Amino acid sequence: MDLNKSKINDIIKKLSKGLYEKEEIIGLTLLCALAGKSVFLYGLPGTAKSLIVRRIASAFEDSKYFGQLMNRFTTPEDVFGPVSLSKLKEDKFERQTEGYIPKADFVFLDEIWKSSPAILNTLLTIINEKLYRNGSHEDKVPLKALVAASNETPPKGQGLEAIYDRFIMRLFVDTAKDVNNFKSLIVDKDVSFDAGFNKGEKISTKDWENLKSIIEEIKVPENVLNIICSIKSEIEEYNKGNNEKIYISDRRWKNIVYILKAAAYFCDRDEIFPVDCFLISNCIWTIEENIYEVKKIVEQSIKSFSQISREDFEILSNEVNILKKDIQSECIKVENIYDTEIIEDKECYKIHLKFYNNGNGSGDWYVPIEKINSDNEFFPMKGNGNEEKGFYFNFNGGETLKIKVNSSYNHNLYICNDHNERVKEISKILTIKTKRDTFKEITTRTKENYIRSCDELIVKIDDAVKKSEEDLINQKEKIDSPFVSEYYRNIILENYNYYISDFKSKKLEVEQEKKKVEQCRTINNYAFDNYDDNITDKNNENDVNDDIVEENNADVHFGI
């Protein structure tokens with residue numbers, strides 16, 4: 001059977017039927033089973049953990065399932081098989097293992113941490129080496145996946161770290177959250193242990209055994225290694241400030257990379273992609289309290305090392321900036337002006353102020369334009385032209401406006417700052433003036449050259465956008481994975497969307513520059529026979545009439 005992405009998607013879809021909001025858990029548990037790794041399912045009882053394992057087992061040919069609810073009274077006989085009486089007569093201590101863990105390929109152990117040390121120690125060898133020592137000889141165990149479950153992580157000081165480390169994936173299993181899914185869940189018929197695969201749809205043991213050598217050949221590119229090293233470094237940094245440290249053994253890191261290789265292979269790729277690395281967050285958390293922090297660390301590391309090359313954008317961006325600079329120099333004369341209003345025949349600057357005077361209020365006050373940069377204290381004007389004597393304004397010779405309450409006029413008056421705290425004094429800084437562009441006269445040839453340059457650059461940008469959009473479509477197909485949610489795939493795609501958006505912004509800049517050139521008046525070329533096409537002598541350029549202007553309606557901002 002060819003276990004490609006399409007086949008895996010079909011298997012997960014069939015396994016998930018009737019198990020609402022369990023697709024991700026099923027997909028990741030199936031991935032581990034295909035990779036021959038074990039899984040820990042963490043969650044409250046009644047969340048279909050054992051059912052998930054049974055259904056996954058039904059997707060494999062001739063699978064043998066063993067399940068056991070563990071407790072402190074569970075004996076080795078309960079899980080490894082009873083002692084063979086016939087062998088005892090021969091002075092041999094062996095177990096009859098048929099029907100128990102040593103002969104099973106899918107094992108589910110609920111409440112794993114309640115097991116006795118004797119059972120857990122034996123499980124270590126079974127999980128890691130796929131061997132079971134039965135009396136004087138070792139039996140090969142056909143185990144594909146051992147899935148353990150509990151509503152708690154292993155208690156401290158019980159010597160359970162070694163067995164916990166064997167579970168490569170640790171998956172949080174929750175109840176159904178979507179109300180429609182919940183309604184369907186409680187009224188649907190019970191889901192069968194058998195997912196109903198036909199014989200030809202099932203995964204054979206031979207196919208499963210052949211996977212290991214194929215998966216091992218999947219490449220690990222440099223950017224993925226950088227992501228893993230970054231996660232390792234960030235976890236070490238996290239451990240410095242936390243009592244509950246996250247320990248990740250070298251063996252665990254090696255097994256994690258093998259899981260990433262398997263995920264890449266089942267996505268029809270020959271190398272691991274950064275998107276596969278999101279699976280790492282399911283492999284390295286230790287307790288519920290650090291699940292969120294681990295996800296943040298993994299996500300940030302992937303973002304840092306999955307950036308696409310922006311070389312093409314930088315080249316075009318540089319061309320746009322040069323063109324803008326040339327047009328600004330040749331065609332535009334910039335004047336800085338204040339955005340003002342006329343109050344009682346005076347050109348005034350508006351100041352909006354929040355205040356408290358036996359209740360919250362706000363209002364607009366006006367500063368005559370000649371007062372800006374002055375040294376003298378003055379009263380602002382109201383909209384009707386009268387002075388507002390509740391406040392003193394003073395620029396102290398600059399653009400920082402100091403406002404204080406005239407307590408002698410109204411001792412109940414306070415100013416509200418940005419945090420709505422009541423104060424008697426406040427400072428506001430005039431940071432931006434409104435810009436007005438006046439267009440110069442240029443030669444017809446200069447105008448045509450700049451318009452042509454703009455058009456050529458727009459075509460270049462359009463071509464780059466088209467190529468980037470095609471790359472985005474290809475990337476969507478490449479990173480599509482049955483094991484990684486759409487949310488995480490979109491994080492990778494954001495880089496492409498930002499990249500395309502940046503190109504489109506540059507195109508808009510060029511179009512705006514083109515409009516400026518088009519608004520310039522022209523004079524005949526013969527008047528400039530002694531000059532190059534790109535005129536550099538600014539002293540011979542004339543300003544156009546004031547009625548030909550373009551307003552850049554920049555806001556006036558104040559900061560505390």
# chains A, B, ... in the order shown; residues from 1 in each chain; ligands from 1

call {"tool": "select_by_dssp", "arguments": {"residues": "stretch 214-413 of chain A", "states": "alpha helix (DSSP H)", "output": "VMD selection string"}}
result
chain A and resid 214 to 216 222 to 240 250 to 265 281 to 284 291 to 305 311 to 331

call {"tool": "residues_around", "arguments": {"residues": "A:Pro221", "least_positions_apart": "5", "cutoff": "8 Å", "atoms": "only C-alpha atoms", "output": "ChimeraX atom specification"}}
result
/A:271-273

call {"tool": "residues_around", "arguments": {"residues": "stretch 412-423 of chain A", "least_positions_apart": "5", "cutoff": "7 Å", "atoms": "only C-alpha atoms", "output": "list in words"}}
result
Lys354, Phe355, Tyr356, Asn357, Asn358 and Val405 of chain A

call {"tool": "residues_around", "arguments": {"residues": "stretch 391-400 of chain A", "least_positions_apart": "2", "cutoff": "8 Å", "atoms": "only C-alpha atoms", "output": "ChimeraX atom specification"}}
result
/A:371-380,388-389,402-406,427-431

call {"tool": "select_by_dssp", "arguments": {"residues": "stretch 431-523 of chain A", "states": "strand (DSSP E or B)", "output": "PyMOL selection string"}}
result
chain A and resi 434-443+521-523

call {"tool": "residues_around", "arguments": {"residues": "stretch 457-471 of chain A", "least_positions_apart": "6", "cutoff": "7 Å", "atoms": "only C-alpha atoms", "output": "list in words"}}
result
Ile500, Phe503, Lys507 and Val510 of chain A

call {"tool": "write_last_selection", "arguments": {"atoms": "all heavy atoms", "output": "compact mmCIF listing (two decimals), in the first residue's frame"}}
result
# COMPACT_ATOMS: atom_id res chain seq x y z
N ILE A 500 3.77 39.57 -0.22
CA ILE A 500 2.93 40.05 -1.31
C ILE A 500 2.36 41.42 -0.97
O ILE A 500 2.31 42.32 -1.82
CB ILE A 500 1.80 39.04 -1.60
CG1 ILE A 500 2.39 37.74 -2.16
CG2 ILE A 500 0.78 39.62 -2.58
CD1 ILE A 500 1.41 36.60 -2.22
N PHE A 503 4.92 44.14 -1.55
CA PHE A 503 5.04 44.47 -2.97
C PHE A 503 3.91 45.40 -3.39
O PHE A 503 4.12 46.40 -4.11
CB PHE A 503 5.00 43.20 -3.82
CG PHE A 503 6.35 42.57 -4.03
CD1 PHE A 503 6.58 41.25 -3.67
CD2 PHE A 503 7.39 43.28 -4.60
CE1 PHE A 503 7.82 40.65 -3.85
CE2 PHE A 503 8.63 42.70 -4.80
CZ PHE A 503 8.84 41.39 -4.42
N LYS A 507 3.90 49.18 -5.00
CA LYS A 507 3.21 49.55 -6.24
C LYS A 507 2.36 50.80 -6.02
O LYS A 507 2.34 51.71 -6.85
CB LYS A 507 2.33 48.40 -6.72
CG LYS A 507 1.54 48.73 -7.98
CD LYS A 507 0.65 47.56 -8.41
CE LYS A 507 -0.19 47.95 -9.61
NZ LYS A 507 -1.08 46.85 -10.06
N VAL A 510 4.49 53.86 -6.05
CA VAL A 510 4.88 54.26 -7.41
C VAL A 510 3.71 54.95 -8.11
O VAL A 510 3.89 55.97 -8.80
CB VAL A 510 5.36 53.05 -8.22
CG1 VAL A 510 5.70 53.46 -9.66
CG2 VAL A 510 6.59 52.43 -7.57

call {"tool": "atom_distance", "arguments": {"atom1": "atom CA of A:Glu244", "atom2": "atom CA of A:Ile287"}}
result
8.4 Å

call {"tool": "atom_distance", "arguments": {"atom1": "atom CA of A:Ala263", "atom2": "atom CA of A:Leu31"}}
result
7.0 Å

call {"tool": "residues_around", "arguments": {"residues": "stretch 98-112 of chain A", "least_positions_apart": "5", "cutoff": "9 Å", "atoms": "only C-alpha atoms", "output": "MDAnalysis selection string"}}
result
chainID A and resid 33 49:50 53:54 56:57 63:71 78:81 120 126 130:132 139:152 154

call {"tool": "residues_around", "arguments": {"residues": "A:Asn386", "least_positions_apart": "3", "cutoff": "12 Å", "atoms": "only C-alpha atoms", "output": "list in words"}}
result
Ile343, Glu344, Lys346, Trp365, Tyr366, Val367, Phe379, Pro380, Met381, Lys382, Gly383, Lys389 and Gly390 of chain A

call {"tool": "atom_distance", "arguments": {"atom1": "atom CA of A:Glu77", "atom2": "atom CA of A:Ser115"}}
result
12.6 Å

call {"tool": "closest_residue", "arguments": {"among": "A:Val275, A:Cys283, A:Ile351, A:Leu493", "to": "A:Ser249", "atoms": "only C-alpha atoms"}}
result
A:Cys283
